[in-house]
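Heads up: the structure comes next, in structure tokens.
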Amino acid sequence: MTGRSADPGTHLVWAAQGRPARVRRHGAAAAVAARGLCGRDRIAVAGDAEDAVPLVRDLLAESGAGYRPFGDARLMEVPARRIPGLVLTDPFYWMQTDSPCDAPGSSAVRWLDAAGERAAAPLFDRWFPQSYARPGLPGVRRWAGVHGGSGPLAVAADA
């Protein structure tokens, strides 16, 4: 599952880019099945929840039960209730911004080098241990971060 994003189809584009993928549409729902998205085989889902049910069911049958469907949390509740054996696990959090930001009292947001990525790893251990995107794992092109006096305050993935 995901939280809400500004554009509900953005995660479909992300799932399909740069890798072989199965792209399907049913009514007002669309889905992309792709291997290796942040270390997992996934089915990104967007659109109408009722139309998503046959779409997800067919993609799971075609791709295999090891694929994990994800999308808006409210949308994904419907396939989870209606597809036997489909169990939604940890949420997949999707966050995006199209505007630059600076944190007050800290240095500006900047791209991290290898040392900066290593310094950011403890943030995940402490605040988001279930994250699929982590420094050092495949699926992330680069990391950005905000630093304060004692080290990294926040990081974001360009995935």
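Each chain of the structure tokens is named A, B, ... in the order shown, its residues numbered from 1; ligands are numbered from 1 in display order.
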*Backbone-only DSSP, helix (DSSP H, G or I) members of range 1-155 of chain A, as JSON, numbers by chain*: {"A": [10, 11, 12, 13, 14, 15, 16, 49, 50, 51, 52, 53, 54, 55, 56, 57, 58, 59, 60, 61, 62, 63, 73, 74, 75, 76, 77, 78, 79, 80, 81, 82, 114, 115, 116, 117, 118, 119, 120, 121, 122, 123, 124, 125, 126, 127]}
_When you look at Ala120 in chain A with a cut-off of 12 Å (counting only C-alpha atoms), what residues show up, excluding the ones that are within fewer than 3 positions of it in the same chain? I need them as an MDAnalysis selection string._
chainID A and resid 111:117 123:128 134:136 143:147 150:157
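Among the candidate residues A:Gly64, A:Pro54, A:Gly27, A:Pro138, the one lying nearest to Val78 in chain A is A:Pro54, with distances computed using only C-alpha atoms.
With only C-alpha atoms as the atoms that count, the residue of A:Gly47, A:Gly139, A:Gly66, A:Gly149 with the shortest distance to Ala15 in chain A is A:Gly139.
Taking only C-alpha atoms into account, Arg24 in chain A lies nearest to A:Leu59 out of the set A:Val53, A:Leu59, A:Cys38, A:Ala65.
Residues surrounding Gly36 in chain A within 12 Å are Trp14, Ala15, Ala16, Gln17, Gly18, Arg19, Pro20, Ala21, Ala33, Ala34, Cys38, Gly39, Arg40, Asp41, Arg42, Ile43, Gly66, Tyr67, Arg68, Tyr132, Ala133, Leu137, Pro138, Gly139 and Val140 of chain A [only C-alpha atoms; sequence separation below 2 positions excluded].
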Write out as a JSON list (two decimals) with all heavy atoms, in the first residue's frame the set of residues from chain A that DSSP, computed on the backbone, places in strand (DSSP E).
```json
[["chain", "number", "residue", "atom", "x", "y", "z"],
["A", 21, "ALA", "N", 8.61, -4.76, -17.95],
["A", 21, "ALA", "CA", 7.42, -4.70, -17.10],
["A", 21, "ALA", "C", 6.20, -5.13, -17.91],
["A", 21, "ALA", "O", 6.17, -5.01, -19.12],
["A", 21, "ALA", "CB", 7.22, -3.28, -16.57],
["A", 22, "ARG", "N", 5.21, -5.63, -17.19],
["A", 22, "ARG", "CA", 3.90, -5.91, -17.78],
["A", 22, "ARG", "C", 2.99, -4.74, -17.43],
["A", 22, "ARG", "O", 2.80, -4.45, -16.25],
["A", 22, "ARG", "CB", 3.31, -7.20, -17.20],
["A", 22, "ARG", "CG", 4.06, -8.43, -17.57],
["A", 22, "ARG", "CD", 3.39, -9.62, -16.84],
["A", 22, "ARG", "NE", 4.10, -10.85, -17.14],
["A", 22, "ARG", "CZ", 5.11, -11.31, -16.42],
["A", 22, "ARG", "NH1", 5.53, -10.66, -15.37],
["A", 22, "ARG", "NH2", 5.71, -12.42, -16.76],
["A", 23, "VAL", "N", 2.43, -4.10, -18.42],
["A", 23, "VAL", "CA", 1.55, -2.96, -18.21],
["A", 23, "VAL", "C", 0.15, -3.37, -18.66],
["A", 23, "VAL", "O", -0.03, -3.85, -19.77],
["A", 23, "VAL", "CB", 2.02, -1.73, -19.01],
["A", 23, "VAL", "CG1", 1.08, -0.55, -18.78],
["A", 23, "VAL", "CG2", 3.46, -1.36, -18.64],
["A", 24, "ARG", "N", -0.84, -3.21, -17.77],
["A", 24, "ARG", "CA", -2.21, -3.62, -18.08],
["A", 24, "ARG", "C", -3.19, -2.54, -17.65],
["A", 24, "ARG", "O", -2.92, -1.77, -16.73],
["A", 24, "ARG", "CB", -2.57, -4.93, -17.35],
["A", 24, "ARG", "CG", -1.67, -6.10, -17.63],
["A", 24, "ARG", "CD", -1.92, -6.66, -19.03],
["A", 24, "ARG", "NE", -1.19, -7.89, -19.23],
["A", 24, "ARG", "CZ", 0.07, -7.96, -19.65],
["A", 24, "ARG", "NH1", 0.76, -6.86, -19.88],
["A", 24, "ARG", "NH2", 0.65, -9.13, -19.83],
["A", 25, "ARG", "N", -4.34, -2.55, -18.30],
["A", 25, "ARG", "CA", -5.42, -1.62, -17.98],
["A", 25, "ARG", "C", -6.73, -2.40, -17.96],
["A", 25, "ARG", "O", -6.94, -3.29, -18.78],
["A", 25, "ARG", "CB", -5.46, -0.51, -19.02],
["A", 25, "ARG", "CG", -6.43, 0.55, -18.69],
["A", 25, "ARG", "CD", -6.21, 1.79, -19.59],
["A", 25, "ARG", "NE", -6.87, 2.89, -18.98],
["A", 25, "ARG", "CZ", -6.33, 3.73, -18.11],
["A", 25, "ARG", "NH1", -5.08, 3.61, -17.79],
["A", 25, "ARG", "NH2", -7.03, 4.69, -17.57],
["A", 26, "HIS", "N", -7.60, -2.07, -17.04],
["A", 26, "HIS", "CA", -8.94, -2.64, -16.99],
["A", 26, "HIS", "C", -9.88, -1.52, -16.55],
["A", 26, "HIS", "O", -9.77, -1.03, -15.42],
["A", 26, "HIS", "CB", -9.02, -3.82, -16.02],
["A", 26, "HIS", "CG", -10.40, -4.40, -15.92],
["A", 26, "HIS", "ND1", -10.88, -5.31, -16.83],
["A", 26, "HIS", "CD2", -11.39, -4.17, -15.05],
["A", 26, "HIS", "CE1", -12.11, -5.63, -16.50],
["A", 26, "HIS", "NE2", -12.44, -4.94, -15.42],
["A", 29, "ALA", "N", -8.79, 1.42, -14.20],
["A", 29, "ALA", "CA", -7.62, 1.06, -13.38],
["A", 29, "ALA", "C", -6.47, 0.67, -14.30],
["A", 29, "ALA", "O", -6.69, 0.17, -15.40],
["A", 29, "ALA", "CB", -7.96, -0.09, -12.43],
["A", 30, "ALA", "N", -5.27, 0.90, -13.83],
["A", 30, "ALA", "CA", -4.06, 0.52, -14.56],
["A", 30, "ALA", "C", -3.08, -0.09, -13.57],
["A", 30, "ALA", "O", -3.11, 0.23, -12.37],
["A", 30, "ALA", "CB", -3.44, 1.72, -15.26],
["A", 31, "ALA", "N", -2.20, -0.96, -14.09],
["A", 31, "ALA", "CA", -1.21, -1.59, -13.23],
["A", 31, "ALA", "C", 0.04, -1.91, -14.01],
["A", 31, "ALA", "O", 0.00, -2.12, -15.23],
["A", 31, "ALA", "CB", -1.77, -2.87, -12.60],
["A", 32, "VAL", "N", 1.17, -1.94, -13.31],
["A", 32, "VAL", "CA", 2.46, -2.29, -13.87],
["A", 32, "VAL", "C", 3.08, -3.34, -12.97],
["A", 32, "VAL", "O", 3.27, -3.11, -11.77],
["A", 32, "VAL", "CB", 3.39, -1.06, -13.95],
["A", 32, "VAL", "CG1", 4.77, -1.46, -14.44],
["A", 32, "VAL", "CG2", 2.78, 0.02, -14.83],
["A", 33, "ALA", "N", 3.39, -4.51, -13.54],
["A", 33, "ALA", "CA", 4.09, -5.56, -12.80],
["A", 33, "ALA", "C", 5.56, -5.52, -13.21],
["A", 33, "ALA", "O", 5.88, -5.60, -14.39],
["A", 33, "ALA", "CB", 3.49, -6.93, -13.10],
["A", 34, "ALA", "N", 6.44, -5.35, -12.24],
["A", 34, "ALA", "CA", 7.87, -5.24, -12.53],
["A", 34, "ALA", "C", 8.68, -5.93, -11.45],
["A", 34, "ALA", "O", 8.32, -5.92, -10.28],
["A", 34, "ALA", "CB", 8.28, -3.77, -12.63],
["A", 35, "ARG", "N", 9.78, -6.51, -11.88],
["A", 35, "ARG", "CA", 10.70, -7.17, -10.94],
["A", 35, "ARG", "C", 11.67, -6.16, -10.35],
["A", 35, "ARG", "O", 12.07, -5.20, -10.99],
["A", 35, "ARG", "CB", 11.53, -8.22, -11.69],
["A", 35, "ARG", "CG", 10.76, -9.42, -12.13],
["A", 35, "ARG", "CD", 11.74, -10.43, -12.75],
["A", 35, "ARG", "NE", 11.31, -11.79, -12.61],
["A", 35, "ARG", "CZ", 11.23, -12.48, -11.46],
["A", 35, "ARG", "NH1", 11.56, -11.93, -10.34],
["A", 35, "ARG", "NH2", 10.82, -13.73, -11.46],
["A", 36, "GLY", "N", 12.05, -6.41, -9.11],
["A", 36, "GLY", "CA", 13.16, -5.70, -8.50],
["A", 36, "GLY", "C", 12.94, -4.23, -8.19],
["A", 36, "GLY", "O", 13.89, -3.46, -8.26],
["A", 37, "LEU", "N", 11.74, -3.83, -7.83],
["A", 37, "LEU", "CA", 11.52, -2.44, -7.41],
["A", 37, "LEU", "C", 11.91, -2.33, -5.94],
["A", 37, "LEU", "O", 11.21, -2.85, -5.08],
["A", 37, "LEU", "CB", 10.05, -2.04, -7.59],
["A", 37, "LEU", "CG", 9.55, -1.94, -9.01],
["A", 37, "LEU", "CD1", 8.05, -1.67, -9.02],
["A", 37, "LEU", "CD2", 10.29, -0.88, -9.77],
["A", 40, "ARG", "N", 12.04, -5.78, -4.39],
["A", 40, "ARG", "CA", 10.87, -6.64, -4.40],
["A", 40, "ARG", "C", 10.26, -6.69, -5.80],
["A", 40, "ARG", "O", 10.37, -5.74, -6.56],
["A", 40, "ARG", "CB", 9.78, -6.11, -3.45],
["A", 40, "ARG", "CG", 10.19, -5.89, -2.02],
["A", 40, "ARG", "CD", 10.25, -7.21, -1.26],
["A", 40, "ARG", "NE", 10.35, -7.04, 0.16],
["A", 40, "ARG", "CZ", 11.49, -6.88, 0.82],
["A", 40, "ARG", "NH1", 12.62, -6.84, 0.19],
["A", 40, "ARG", "NH2", 11.50, -6.75, 2.13],
["A", 41, "ASP", "N", 9.59, -7.79, -6.10],
["A", 41, "ASP", "CA", 8.77, -7.87, -7.31],
["A", 41, "ASP", "C", 7.41, -7.29, -6.94],
["A", 41, "ASP", "O", 6.80, -7.73, -5.97],
["A", 41, "ASP", "CB", 8.64, -9.32, -7.79],
["A", 41, "ASP", "CG", 9.98, -9.92, -8.17],
["A", 41, "ASP", "OD1", 10.92, -9.16, -8.48],
["A", 41, "ASP", "OD2", 10.09, -11.15, -8.17],
["A", 42, "ARG", "N", 6.96, -6.30, -7.71],
["A", 42, "ARG", "CA", 5.77, -5.54, -7.31],
["A", 42, "ARG", "C", 4.80, -5.35, -8.46],
["A", 42, "ARG", "O", 5.17, -5.39, -9.63],
["A", 42, "ARG", "CB", 6.16, -4.16, -6.81],
["A", 42, "ARG", "CG", 7.10, -4.17, -5.65],
["A", 42, "ARG", "CD", 7.34, -2.73, -5.19],
["A", 42, "ARG", "NE", 8.41, -2.67, -4.23],
["A", 42, "ARG", "CZ", 8.28, -2.89, -2.93],
["A", 42, "ARG", "NH1", 7.12, -3.21, -2.44],
["A", 42, "ARG", "NH2", 9.31, -2.81, -2.13],
["A", 43, "ILE", "N", 3.57, -5.07, -8.08],
["A", 43, "ILE", "CA", 2.53, -4.64, -9.03],
["A", 43, "ILE", "C", 2.04, -3.28, -8.54],
["A", 43, "ILE", "O", 1.38, -3.18, -7.50],
["A", 43, "ILE", "CB", 1.37, -5.64, -9.10],
["A", 43, "ILE", "CG1", 1.86, -7.01, -9.56],
["A", 43, "ILE", "CG2", 0.29, -5.10, -10.04],
["A", 43, "ILE", "CD1", 0.80, -8.10, -9.50],
["A", 44, "ALA", "N", 2.38, -2.23, -9.27],
["A", 44, "ALA", "CA", 1.92, -0.88, -8.95],
["A", 44, "ALA", "C", 0.51, -0.74, -9.51],
["A", 44, "ALA", "O", 0.25, -1.09, -10.67],
["A", 44, "ALA", "CB", 2.85, 0.16, -9.57],
["A", 45, "VAL", "N", -0.41, -0.24, -8.71],
["A", 45, "VAL", "CA", -1.83, -0.16, -9.08],
["A", 45, "VAL", "C", -2.34, 1.26, -8.87],
["A", 45, "VAL", "O", -2.02, 1.88, -7.85],
["A", 45, "VAL", "CB", -2.67, -1.14, -8.23],
["A", 45, "VAL", "CG1", -4.13, -1.14, -8.69],
["A", 45, "VAL", "CG2", -2.09, -2.54, -8.28],
["A", 46, "ALA", "N", -3.15, 1.77, -9.80],
["A", 46, "ALA", "CA", -3.78, 3.08, -9.66],
["A", 46, "ALA", "C", -5.15, 3.05, -10.33],
["A", 46, "ALA", "O", -5.41, 2.21, -11.20],
["A", 46, "ALA", "CB", -2.91, 4.17, -10.28],
["A", 47, "GLY", "N", -6.00, 3.97, -9.93],
["A", 47, "GLY", "CA", -7.31, 4.11, -10.57],
["A", 47, "GLY", "C", -8.44, 3.65, -9.70],
["A", 47, "GLY", "O", -8.39, 3.73, -8.47],
["A", 68, "ARG", "N", 4.09, -8.32, -5.09],
["A", 68, "ARG", "CA", 3.34, -7.61, -4.06],
["A", 68, "ARG", "C", 2.64, -6.40, -4.67],
["A", 68, "ARG", "O", 3.31, -5.47, -5.13],
["A", 68, "ARG", "CB", 4.27, -7.12, -2.96],
["A", 68, "ARG", "CG", 4.95, -8.25, -2.23],
["A", 68, "ARG", "CD", 5.84, -7.71, -1.16],
["A", 68, "ARG", "NE", 6.51, -8.79, -0.47],
["A", 68, "ARG", "CZ", 7.31, -8.62, 0.56],
["A", 68, "ARG", "NH1", 7.55, -7.42, 1.01],
["A", 68, "ARG", "NH2", 7.88, -9.66, 1.12],
["A", 69, "PRO", "N", 1.31, -6.39, -4.67],
["A", 69, "PRO", "CA", 0.59, -5.22, -5.19],
["A", 69, "PRO", "C", 0.71, -4.04, -4.22],
["A", 69, "PRO", "O", 0.73, -4.23, -3.01],
["A", 69, "PRO", "CB", -0.87, -5.68, -5.26],
["A", 69, "PRO", "CG", -0.84, -7.16, -5.12],
["A", 69, "PRO", "CD", 0.41, -7.50, -4.37],
["A", 70, "PHE", "N", 0.81, -2.83, -4.78],
["A", 70, "PHE", "CA", 0.81, -1.63, -3.94],
["A", 70, "PHE", "C", 0.15, -0.50, -4.70],
["A", 70, "PHE", "O", 0.12, -0.46, -5.91],
["A", 70, "PHE", "CB", 2.22, -1.25, -3.48],
["A", 70, "PHE", "CG", 3.08, -0.63, -4.55],
["A", 70, "PHE", "CD1", 3.23, 0.75, -4.62],
["A", 70, "PHE", "CD2", 3.75, -1.42, -5.47],
["A", 70, "PHE", "CE1", 4.03, 1.32, -5.60],
["A", 70, "PHE", "CE2", 4.56, -0.85, -6.44],
["A", 70, "PHE", "CZ", 4.69, 0.53, -6.51],
["A", 110, "ARG", "N", 21.18, 18.81, -0.43],
["A", 110, "ARG", "CA", 22.24, 18.55, -1.41],
["A", 110, "ARG", "C", 22.29, 17.05, -1.71],
["A", 110, "ARG", "O", 21.80, 16.24, -0.93],
["A", 110, "ARG", "CB", 23.58, 19.04, -0.89],
["A", 110, "ARG", "CG", 24.04, 18.32, 0.37],
["A", 110, "ARG", "CD", 25.41, 18.81, 0.84],
["A", 110, "ARG", "NE", 25.78, 18.23, 2.10],
["A", 110, "ARG", "CZ", 26.32, 17.02, 2.26],
["A", 110, "ARG", "NH1", 26.53, 16.26, 1.23],
["A", 110, "ARG", "NH2", 26.63, 16.58, 3.46],
["A", 111, "TRP", "N", 22.88, 16.72, -2.85],
["A", 111, "TRP", "CA", 23.08, 15.31, -3.19],
["A", 111, "TRP", "C", 24.18, 14.74, -2.30],
["A", 111, "TRP", "O", 25.18, 15.40, -2.06],
["A", 111, "TRP", "CB", 23.45, 15.15, -4.67],
["A", 111, "TRP", "CG", 22.34, 15.55, -5.57],
["A", 111, "TRP", "CD1", 22.32, 16.60, -6.44],
["A", 111, "TRP", "CD2", 21.05, 14.93, -5.67],
["A", 111, "TRP", "NE1", 21.11, 16.68, -7.07],
["A", 111, "TRP", "CE2", 20.31, 15.66, -6.62],
["A", 111, "TRP", "CE3", 20.44, 13.84, -5.06],
["A", 111, "TRP", "CZ2", 19.00, 15.32, -6.97],
["A", 111, "TRP", "CZ3", 19.14, 13.50, -5.41],
["A", 111, "TRP", "CH2", 18.44, 14.24, -6.35],
["A", 142, "ARG", "N", 20.11, 7.97, -6.58],
["A", 142, "ARG", "CA", 20.96, 8.79, -5.71],
["A", 142, "ARG", "C", 20.12, 9.26, -4.53],
["A", 142, "ARG", "O", 18.90, 9.16, -4.53],
["A", 142, "ARG", "CB", 21.56, 9.97, -6.47],
["A", 142, "ARG", "CG", 20.53, 10.89, -7.08],
["A", 142, "ARG", "CD", 21.18, 11.92, -7.97],
["A", 142, "ARG", "NE", 20.14, 12.72, -8.62],
["A", 142, "ARG", "CZ", 20.37, 13.81, -9.29],
["A", 142, "ARG", "NH1", 21.60, 14.26, -9.42],
["A", 142, "ARG", "NH2", 19.39, 14.47, -9.84],
["A", 143, "TRP", "N", 20.81, 9.79, -3.53],
["A", 143, "TRP", "CA", 20.18, 10.27, -2.30],
["A", 143, "TRP", "C", 20.45, 11.74, -2.12],
["A", 143, "TRP", "O", 21.53, 12.23, -2.42],
["A", 143, "TRP", "CB", 20.73, 9.51, -1.09],
["A", 143, "TRP", "CG", 20.29, 8.09, -1.06],
["A", 143, "TRP", "CD1", 20.93, 7.03, -1.63],
["A", 143, "TRP", "CD2", 19.10, 7.57, -0.47],
["A", 143, "TRP", "NE1", 20.21, 5.87, -1.41],
["A", 143, "TRP", "CE2", 19.08, 6.18, -0.70],
["A", 143, "TRP", "CE3", 18.06, 8.14, 0.24],
["A", 143, "TRP", "CZ2", 18.06, 5.37, -0.25],
["A", 143, "TRP", "CZ3", 17.03, 7.32, 0.70],
["A", 143, "TRP", "CH2", 17.04, 5.96, 0.45],
["A", 144, "ALA", "N", 19.45, 12.45, -1.61],
["A", 144, "ALA", "CA", 19.62, 13.86, -1.22],
["A", 144, "ALA", "C", 19.45, 13.93, 0.29],
["A", 144, "ALA", "O", 18.80, 13.08, 0.89],
["A", 144, "ALA", "CB", 18.57, 14.73, -1.91],
["A", 145, "GLY", "N", 20.05, 14.94, 0.89],
["A", 145, "GLY", "CA", 19.94, 15.05, 2.33],
["A", 145, "GLY", "C", 20.03, 16.48, 2.80],
["A", 145, "GLY", "O", 20.50, 17.37, 2.10],
["A", 146, "VAL", "N", 19.54, 16.67, 4.02],
["A", 146, "VAL", "CA", 19.65, 17.94, 4.73],
["A", 146, "VAL", "C", 20.50, 17.66, 5.95],
["A", 146, "VAL", "O", 20.24, 16.70, 6.68],
["A", 146, "VAL", "CB", 18.26, 18.46, 5.17],
["A", 146, "VAL", "CG1", 18.40, 19.72, 6.01],
["A", 146, "VAL", "CG2", 17.37, 18.70, 3.97],
["A", 147, "HIS", "N", 21.53, 18.47, 6.15],
["A", 147, "HIS", "CA", 22.42, 18.28, 7.29],
["A", 147, "HIS", "C", 22.28, 19.42, 8.28],
["A", 147, "HIS", "O", 22.08, 20.56, 7.89],
["A", 147, "HIS", "CB", 23.88, 18.21, 6.81],
["A", 147, "HIS", "CG", 24.21, 16.89, 6.22],
["A", 147, "HIS", "ND1", 24.82, 15.89, 6.93],
["A", 147, "HIS", "CD2", 24.00, 16.40, 4.98],
["A", 147, "HIS", "CE1", 24.96, 14.84, 6.15],
["A", 147, "HIS", "NE2", 24.47, 15.12, 4.96],
["A", 148, "GLY", "N", 22.37, 19.06, 9.54],
["A", 148, "GLY", "CA", 22.41, 20.04, 10.61],
["A", 148, "GLY", "C", 23.76, 19.95, 11.28],
["A", 148, "GLY", "O", 24.68, 19.30, 10.77],
["A", 151, "GLY", "N", 24.90, 16.18, 11.96],
["A", 151, "GLY", "CA", 24.83, 15.18, 10.89],
["A", 151, "GLY", "C", 23.53, 15.27, 10.12],
["A", 151, "GLY", "O", 22.84, 16.28, 10.15],
["A", 152, "PRO", "N", 23.17, 14.19, 9.41],
["A", 152, "PRO", "CA", 21.98, 14.23, 8.57],
["A", 152, "PRO", "C", 20.70, 14.37, 9.38],
["A", 152, "PRO", "O", 20.52, 13.73, 10.41],
["A", 152, "PRO", "CB", 21.99, 12.90, 7.83],
["A", 152, "PRO", "CG", 23.05, 12.07, 8.45],
["A", 152, "PRO", "CD", 23.86, 12.91, 9.36],
["A", 153, "LEU", "N", 19.81, 15.25, 8.91],
["A", 153, "LEU", "CA", 18.51, 15.46, 9.55],
["A", 153, "LEU", "C", 17.41, 14.70, 8.81],
["A", 153, "LEU", "O", 16.46, 14.24, 9.42],
["A", 153, "LEU", "CB", 18.15, 16.94, 9.58],
["A", 153, "LEU", "CG", 19.09, 17.86, 10.32],
["A", 153, "LEU", "CD1", 18.69, 19.31, 10.11],
["A", 153, "LEU", "CD2", 19.08, 17.52, 11.81],
["A", 154, "ALA", "N", 17.54, 14.63, 7.47],
["A", 154, "ALA", "CA", 16.53, 13.97, 6.64],
["A", 154, "ALA", "C", 17.17, 13.58, 5.31],
["A", 154, "ALA", "O", 18.12, 14.22, 4.86],
["A", 154, "ALA", "CB", 15.35, 14.91, 6.40],
["A", 155, "VAL", "N", 16.65, 12.52, 4.71],
["A", 155, "VAL", "CA", 17.12, 12.11, 3.39],
["A", 155, "VAL", "C", 15.92, 11.76, 2.51],
["A", 155, "VAL", "O", 14.83, 11.48, 3.00],
["A", 155, "VAL", "CB", 18.06, 10.88, 3.46],
["A", 155, "VAL", "CG1", 19.35, 11.23, 4.15],
["A", 155, "VAL", "CG2", 17.40, 9.70, 4.12],
["A", 156, "ALA", "N", 16.17, 11.80, 1.21],
["A", 156, "ALA", "CA", 15.15, 11.43, 0.22],
["A", 156, "ALA", "C", 15.84, 10.69, -0.92],
["A", 156, "ALA", "O", 16.98, 10.99, -1.26],
["A", 156, "ALA", "CB", 14.45, 12.69, -0.32],
["A", 157, "ALA", "N", 15.12, 9.73, -1.48],
["A", 157, "ALA", "CA", 15.66, 8.92, -2.57],
["A", 157, "ALA", "C", 15.19, 9.44, -3.91],
["A", 157, "ALA", "O", 14.03, 9.81, -4.08],
["A", 157, "ALA", "CB", 15.20, 7.47, -2.41],
["A", 158, "ASP", "N", 16.09, 9.46, -4.87],
["A", 158, "ASP", "CA", 15.75, 9.68, -6.27],
["A", 158, "ASP", "C", 15.69, 8.29, -6.87],
["A", 158, "ASP", "O", 16.72, 7.72, -7.25],
["A", 158, "ASP", "CB", 16.81, 10.54, -6.95],
["A", 158, "ASP", "CG", 16.55, 10.74, -8.44],
["A", 158, "ASP", "OD1", 15.49, 10.36, -8.93],
["A", 158, "ASP", "OD2", 17.46, 11.29, -9.11]]
```
*Long-range neighbours of Arg57 in chain A as a ChimeraX atom specification, 10 Å cut-off, only C-alpha atoms, 6 positions minimum in chain*: /A:65,69,79,82-84,86
Dump C-alpha atoms for the selected residues as a compact mmCIF listing (two decimals), in the first residue's frame?
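Generated output (out_2.txt):
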```txt
# COMPACT_ATOMS: atom_id res chain seq x y z
CA ALA A 65 2.15 -14.97 -6.11
CA PRO A 69 0.59 -5.22 -5.19
CA PRO A 79 -8.58 -6.11 -3.88
CA ARG A 82 -11.98 -9.61 -2.73
CA ILE A 83 -8.98 -11.66 -3.91
CA PRO A 84 -8.58 -14.91 -1.95
CA LEU A 86 -4.08 -11.64 -1.14
```
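Reported to one decimal place, the separation of CA of Ala28 in chain A from CA of Asp51 in chain A is 6.2 Å.
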